[in-house]
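final-v3.txt, holding compact mmCIF, C-alpha atoms:
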# COMPACT_ATOMS: atom_id res chain seq x y z
CA MET W 1 -261.51 182.36 -33.58
CA ALA W 2 -267.33 191.93 -32.98
CA GLY W 3 -269.97 196.36 -34.86
CA THR W 4 -271.86 197.57 -37.81
CA ARG W 5 -274.47 195.12 -39.05
CA THR W 6 -274.19 194.15 -42.68
CA SER W 7 -276.98 193.04 -44.93
CA ILE W 8 -277.41 189.42 -45.92
CA ALA W 9 -276.49 190.22 -49.50
CA GLU W 10 -273.25 191.88 -48.37
CA GLN W 11 -272.39 188.88 -46.20
CA LEU W 12 -272.91 186.51 -49.09
CA ARG W 13 -270.92 188.67 -51.46
CA ASN W 14 -268.03 189.01 -49.03
CA ALA W 15 -268.01 185.34 -48.12
CA THR W 16 -268.03 184.31 -51.76
CA LYS W 17 -265.19 186.67 -52.57
CA VAL W 18 -263.05 185.35 -49.75
CA GLY W 19 -263.61 181.76 -50.76
CA THR W 20 -263.26 181.90 -54.52
CA GLU W 21 -261.57 184.98 -55.92
CA LEU W 22 -257.84 185.30 -56.35
CA ASP W 23 -255.72 188.40 -56.03
CA PRO W 24 -254.21 189.33 -59.40
CA GLY W 25 -250.73 188.91 -57.96
CA ARG W 26 -251.52 185.36 -56.79
CA GLN W 27 -253.11 184.00 -59.95
CA THR W 28 -251.44 180.96 -61.41
CA VAL W 29 -249.47 181.70 -64.56
CA GLN W 30 -248.85 178.81 -66.91
CA PRO W 31 -245.23 178.41 -68.07
CA GLN W 32 -244.63 179.83 -71.49
CA SER W 33 -243.51 177.56 -74.28
CA SER W 34 -239.99 178.03 -75.60
CA ALA W 35 -241.37 178.16 -79.12
CA PRO W 36 -242.30 181.62 -80.40
CA ALA W 37 -245.95 182.37 -79.95
CA ALA W 38 -248.20 184.77 -81.75
CA GLN W 39 -248.29 188.19 -80.12
CA SER W 40 -251.49 188.79 -78.13
CA SER W 41 -252.95 191.75 -76.36
CA PRO W 42 -252.41 192.23 -72.56
CA ASP W 43 -256.11 191.74 -71.93
CA HIS W 44 -256.10 188.43 -73.75
CA ALA W 45 -253.01 187.25 -71.87
CA GLN W 46 -254.51 188.16 -68.51
CA SER W 47 -257.74 186.38 -69.41
CA SER W 48 -255.80 183.24 -70.29
CA GLN W 49 -253.97 183.34 -66.98
CA VAL W 50 -257.17 183.66 -64.97
CA THR W 51 -258.79 180.81 -66.92
CA ALA W 52 -255.79 178.57 -66.33
CA SER W 53 -255.82 179.44 -62.62
CA ARG W 54 -259.49 178.58 -62.28
CA GLN W 55 -258.99 175.31 -64.12
CA ASN W 56 -256.19 174.43 -61.73
CA ASP W 57 -258.36 175.27 -58.73
CA GLY W 58 -261.09 173.07 -60.12
CA LYS W 59 -258.81 170.06 -59.82
CA THR W 60 -258.30 170.63 -56.08
CA ASN W 61 -260.82 172.49 -53.93
CA SER W 62 -263.65 173.54 -56.22
CA LEU W 63 -266.82 175.02 -54.79
CA PRO W 64 -269.97 172.92 -54.90
CA SER W 65 -271.96 173.48 -58.06
CA LEU W 66 -274.19 176.48 -57.68
CA PRO W 67 -277.96 176.08 -57.97
CA PRO W 68 -279.56 177.19 -61.22
CA VAL W 69 -280.53 180.84 -61.49
CA THR W 70 -284.19 181.46 -60.70
CA LEU W 71 -286.27 184.58 -61.16
CA PHE W 72 -289.07 186.07 -59.14
CA PRO W 73 -292.48 184.83 -60.30
CA PRO W 74 -294.83 187.85 -60.42
CA PRO W 75 -298.08 187.57 -58.52
CA GLU W 76 -300.98 186.35 -60.65
CA SER W 77 -303.70 187.86 -58.48
CA SER W 78 -304.95 191.39 -59.05
CA ASP W 79 -306.02 191.75 -55.42
CA PRO W 80 -303.65 194.24 -53.67
CA ALA W 81 -303.56 192.29 -50.40
CA GLU W 82 -302.71 189.04 -52.18
CA ARG W 83 -300.07 190.76 -54.29
CA LEU W 84 -298.48 192.19 -51.15
CA ALA W 85 -298.54 188.80 -49.43
CA HIS W 86 -296.93 187.18 -52.49
CA CYS W 87 -294.13 189.74 -52.61
CA THR W 88 -293.57 189.64 -48.84
CA GLU W 89 -293.24 185.86 -48.82
CA ALA W 90 -290.83 185.97 -51.76
CA ILE W 91 -288.59 188.42 -49.90
CA ARG W 92 -288.65 186.37 -46.70
CA ARG W 93 -287.90 183.18 -48.61
CA ALA W 94 -284.97 184.89 -50.35
CA ASP W 95 -283.61 186.09 -46.99
CA ARG W 96 -283.78 182.58 -45.55
CA GLN W 97 -282.10 180.99 -48.54
CA THR W 98 -279.38 183.64 -48.59
CA GLU W 99 -278.66 183.17 -44.88
CA LEU W 100 -278.33 179.42 -45.37
CA ALA W 101 -276.04 179.89 -48.36
CA THR W 102 -273.90 182.41 -46.49
CA GLU W 103 -273.50 180.09 -43.50
CA ARG W 104 -272.56 177.18 -45.75
CA ILE W 105 -269.93 179.20 -47.62
CA THR W 106 -268.52 180.55 -44.34
CA GLN W 107 -268.35 177.06 -42.88
CA GLN W 108 -266.57 175.75 -45.95
CA TYR W 109 -264.08 178.61 -45.81
CA LEU W 110 -263.21 177.85 -42.19
CA LEU W 111 -262.68 174.19 -43.05
CA TRP W 112 -260.41 175.14 -45.94
CA VAL W 113 -258.13 177.56 -44.09
CA GLY W 114 -258.07 176.20 -40.51
CA GLU W 115 -255.48 173.47 -41.07
CA PRO W 116 -253.20 175.54 -43.37
CA TYR W 117 -253.17 178.30 -40.76
CA ARG W 118 -252.23 175.78 -38.05
CA ILE W 119 -249.38 174.28 -40.08
CA VAL W 120 -247.88 177.66 -40.97
CA ARG W 121 -248.17 178.80 -37.34
CA ASP W 122 -246.91 175.68 -35.57
CA GLU W 123 -244.03 175.05 -38.00
CA GLU W 124 -243.23 178.78 -38.22
CA LEU W 125 -243.22 178.55 -42.00
CA PHE W 126 -243.91 182.28 -42.21
CA ARG W 127 -240.22 182.86 -41.48
CA LEU W 128 -239.35 181.41 -44.88
CA GLU W 129 -240.81 184.56 -46.45
CA GLY W 130 -239.02 186.87 -44.02
CA TYR W 131 -241.92 187.62 -41.67
CA PRO W 132 -240.97 187.76 -37.98
CA THR W 133 -244.42 186.77 -36.68
CA PHE W 134 -247.50 184.81 -37.69
CA ASP W 135 -249.51 188.02 -37.41
CA ALA W 136 -247.25 189.89 -39.86
CA TRP W 137 -247.46 187.05 -42.36
CA GLY W 138 -251.27 186.87 -42.21
CA ARG W 139 -251.72 190.61 -42.62
CA ALA W 140 -249.47 190.59 -45.68
CA LEU W 141 -251.15 187.50 -47.16
CA ASN W 142 -254.82 188.44 -46.96
CA GLY W 143 -255.22 191.09 -44.27
CA ARG W 144 -255.99 188.59 -41.49
CA SER W 145 -254.59 189.26 -38.03
CA GLY W 146 -252.90 186.67 -35.88
CA ASP W 147 -255.82 186.83 -33.44
CA TYR W 148 -258.31 185.98 -36.20
CA MET W 149 -256.19 183.13 -37.58
CA ASN W 150 -255.66 181.64 -34.12
CA LYS W 151 -259.42 181.66 -33.53
CA VAL W 152 -259.97 179.86 -36.84
CA VAL W 153 -257.36 177.25 -35.88
CA ARG W 154 -259.04 176.78 -32.50
CA ILE W 155 -262.59 176.22 -33.76
CA ALA W 156 -261.85 174.47 -37.07
CA PRO W 157 -262.03 170.95 -35.50
CA VAL W 158 -265.37 171.84 -33.92
CA VAL W 159 -266.74 173.22 -37.20
CA ARG W 160 -265.60 170.04 -38.94
CA ALA W 161 -267.34 167.87 -36.35
CA LEU W 162 -270.58 169.86 -36.70
CA SER W 163 -270.51 170.10 -40.51
CA SER W 164 -272.73 167.01 -40.85
CA VAL W 165 -275.46 168.30 -38.52
CA THR W 166 -275.58 172.09 -38.79
CA ARG W 167 -274.53 175.18 -40.70
CA ARG W 168 -275.01 177.55 -37.81
CA GLN W 169 -272.99 179.04 -34.95
CA LEU W 170 -269.76 179.55 -36.87
CA LYS W 171 -268.38 182.22 -34.56
CA GLU W 172 -265.58 181.46 -32.16
CA GLN W 173 -267.12 182.62 -28.88
CA PRO W 174 -270.27 180.42 -28.77
CA LEU W 175 -268.21 177.35 -29.74
CA ARG W 176 -265.56 177.79 -27.03
CA PRO W 177 -266.93 175.08 -24.68
CA LEU W 178 -266.89 172.55 -27.52
CA VAL W 179 -263.19 173.12 -28.24
CA ALA W 180 -262.22 171.24 -25.07
CA VAL W 181 -264.91 168.60 -25.71
CA GLN W 182 -263.52 167.89 -29.17
CA ARG W 183 -259.93 167.82 -27.98
CA ASP W 184 -260.61 165.45 -25.07
CA HIS W 185 -263.54 163.34 -26.31
CA GLY W 186 -263.73 163.59 -30.10
CA ASP W 187 -266.19 164.62 -32.80
CA GLU W 188 -269.11 162.45 -31.70
CA ALA W 189 -269.08 164.10 -28.28
CA VAL W 190 -269.22 167.52 -29.95
CA ARG W 191 -272.30 166.52 -31.92
CA GLU W 192 -273.92 165.07 -28.80
CA CYS W 193 -273.45 168.33 -26.91
CA TRP W 194 -274.70 170.37 -29.85
CA LEU W 195 -277.90 168.34 -30.20
CA ALA W 196 -278.50 168.48 -26.44
CA ALA W 197 -278.11 172.27 -26.41
CA GLY W 198 -280.39 172.55 -29.44
CA ALA W 199 -283.04 170.43 -27.73
CA ALA W 200 -282.85 172.80 -24.76
CA GLY W 201 -283.22 175.78 -27.10
CA ASP W 202 -279.95 177.39 -26.07
CA LEU W 203 -277.08 177.31 -28.57
CA THR W 204 -275.18 180.10 -26.87
CA GLU W 205 -271.82 179.66 -25.15
CA ARG W 206 -273.58 179.21 -21.82
CA GLY W 207 -276.05 176.72 -23.28
CA LEU W 208 -273.32 174.64 -24.93
CA ARG W 209 -271.29 174.60 -21.70
CA ALA W 210 -274.33 173.45 -19.73
CA ALA W 211 -275.06 170.77 -22.33
CA ALA W 212 -271.49 169.49 -22.13
CA VAL W 213 -271.82 169.13 -18.36
CA ARG W 214 -275.18 167.35 -18.68
CA CYS W 215 -273.68 164.94 -21.20
CA GLY W 216 -270.96 164.03 -18.72
CA TYR W 217 -268.02 165.83 -20.29
CA THR W 218 -265.89 167.63 -17.77
CA LEU W 219 -264.76 171.04 -18.89
CA PRO W 220 -261.72 172.85 -17.56
CA VAL W 221 -262.64 175.34 -14.88
CA GLU W 222 -262.04 178.89 -16.01
CA ALA W 223 -259.99 180.52 -13.31
CA ALA W 224 -261.10 183.99 -12.35
CA PRO W 225 -258.45 186.55 -13.17
CA GLU W 226 -256.49 187.63 -10.13
CA PRO W 227 -256.96 191.27 -9.23
CA ALA W 228 -253.99 193.37 -10.11
CA VAL W 229 -251.89 194.29 -7.12
CA ILE W 230 -251.42 198.04 -7.01
CA PRO W 231 -248.47 198.99 -4.85
CA GLN W 232 -249.38 201.51 -2.21
CA GLN W 233 -247.38 204.67 -2.42
CA GLN W 234 -246.54 206.75 0.61
CA GLN W 235 -248.72 209.81 0.64
CA LEU W 236 -247.55 213.23 1.80
CA GLU W 237 -249.12 214.46 4.96
CA PRO W 238 -251.40 217.42 4.31
CA SER W 239 -249.88 220.70 5.41
CA HIS W 240 -251.07 224.27 5.34
CA ILE W 241 -247.52 225.31 4.47
CA LEU W 242 -247.36 223.17 1.30
CA HIS W 243 -250.75 224.34 0.10
CA LEU W 244 -249.81 227.10 -2.35
CA ALA W 245 -253.40 228.16 -2.96
CA LYS W 246 -253.85 228.83 0.74
CA LEU W 247 -250.57 230.76 0.85
CA ARG W 248 -251.75 232.97 -2.00
CA ARG W 249 -255.04 233.66 -0.24
CA LEU W 250 -253.12 234.42 2.96
CA ALA W 251 -250.80 236.78 1.08
CA ALA W 252 -253.82 238.79 -0.04
CA ASP W 253 -254.91 239.31 3.58
CA ASP W 254 -251.58 239.21 5.49
CA PRO W 255 -248.52 239.48 3.24
CA GLY W 256 -246.13 239.48 6.21
CA GLN W 257 -247.31 236.18 7.60
CA ALA W 258 -247.35 234.63 4.14
CA LEU W 259 -243.75 235.74 3.56
CA GLU W 260 -242.68 234.26 6.92
CA LEU W 261 -244.28 230.93 6.01
CA CYS W 262 -242.58 230.93 2.60
CA ARG W 263 -239.17 231.49 4.20
CA GLN W 264 -239.89 228.74 6.74
CA LEU W 265 -240.82 226.42 3.90
CA GLN W 266 -237.64 227.29 1.98
CA GLY W 267 -235.51 226.47 5.05
CA GLU W 268 -237.20 223.13 5.57
CA LEU W 269 -236.86 222.25 1.87
CA ALA W 270 -233.16 223.19 1.93
CA ARG W 271 -232.52 220.86 4.88
CA LEU W 272 -234.50 218.08 3.22
CA GLU W 273 -232.50 218.53 0.01
CA GLN W 274 -229.22 218.14 1.96
CA ASP W 275 -230.44 214.95 3.63
CA LEU W 276 -231.58 213.45 0.33
CA THR W 277 -228.30 214.39 -1.35
CA ALA W 278 -226.35 212.61 1.37
CA GLN W 279 -228.56 209.49 1.14
CA THR W 280 -228.19 209.38 -2.64
CA ALA W 281 -224.40 209.61 -2.38
CA ASP W 282 -224.28 206.79 0.20
CA PRO W 283 -227.36 204.53 -0.10
CA ALA W 284 -226.22 202.36 2.84
CA THR W 285 -226.71 205.18 5.34
Write the structure described by the file as structure tokens, please.
Amino acid sequence: MAGTRTSIAEQLRNATKVGTELDPGRQTVQPQSSAPAAQSSPDHAQSSQVTASRQNDGKTNSLPSLPPVTLFPPPESSDPAERLAHCTEAIRRADRQTELATERITQQYLLWVGEPYRIVRDEELFRLEGYPTFDAWGRALNGRSGDYMNKVVRIAPVVRALSSVTRRQLKEQPLRPLVAVQRDHGDEAVRECWLAAGAAGDLTERGLRAAAVRCGYTLPVEAAPEPAVIPQQQQLEPSHILHLAKLRRLAADDPGQALELCRQLQGELARLEQDLTAQTADPAT
């Protein structure tokens, strides 16, 4: 449903890989015909399998068609300041477009996997493959932890409700207040809260919670965690006899007195040991 900051290009590359590429072990292999076929090289066979897999994916959840490739138009001016301004604007425009594309791909990915994660978790289908927990199944499938998958399941309905009005705020934490709004009041209420928070200029978790309250949607009160109760342990009374460091310092100045105190301590410990032994043998006493 946090670290080192990645570049926009890395985000786009990672998001695209998650949404479109298949692991070699999970690529669809077309059944072979019973008739003998001409022998082909391993590379050719693998290429055919990948092509068939992509064709099969195209019939179900294909990505939207990508925009045509465009190239950077060089500046026409010979003035250094104008050339710099042209290049600077091109870079900023590319950053904006890449951020928008990354957010759209990430949003689409969440909408694709949220419901499958929920079904596998709620119906415990992961046990069919021998995994004892949802977490173990997700880590084996694509390296996703149970915590991550549960967050995706939690915010997927909110992301779906907002898909028609925004591509932003796809992280779990800022959207937490809208989870309860969607569950109790539906998609239209989620969009109403989002637009109200946007109008107030605060699309953070706090801003969305405040917007939900202003729009009349009651949110569950988050109970403050109760302080942990630490049992008080009986402390030993300080004693000059039990303080070994003091005994050693005393032995340096007055060995006789230190020896007398040690013997006194040994006698008291021996009596205490007898009492404890008797109590352990008969706890009722």
Point-to-point distance in Å for atom CA of W:Ala90 and atom CA of W:Pro74 =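 Calculated distance between atom CA of W:Pro74 and atom CA of W:Ala90 is 9.7 Å.
Nearest to W:Ala258 of all the residues W:Gly186, W:Leu84, W:Ala211, W:Lys246 is W:Lys246, counting only C-alpha atoms.
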What is the atom CA of W:Arg127-atom CA of W:Pro157 distance in Å, reported with one decimal?
->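 Going from atom CA of W:Arg127 over to atom CA of W:Pro157 covers 25.6 Å.
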Polymer residues at most 12 Å from W:Glu260, only C-alpha atoms, same-chain spacing of 5 or more positions, as a PyMOL selection string | chain W and resi 241+247+250-251+254-255+265-267
Atomic distance atom CA of W:Ala101 - atom CA of W:Pro68, expressed in Å with one decimal = 13.6 Å
Leaving out W:Val113 and any residue of its chain fewer than 4 positions from it, which residues lie within 12 Å of it when counting only C-alpha atoms, given as a PyMOL selection string?
-> chain W and resi 18-19+61+106-109+117-120+138+142+144+148-157+159-160
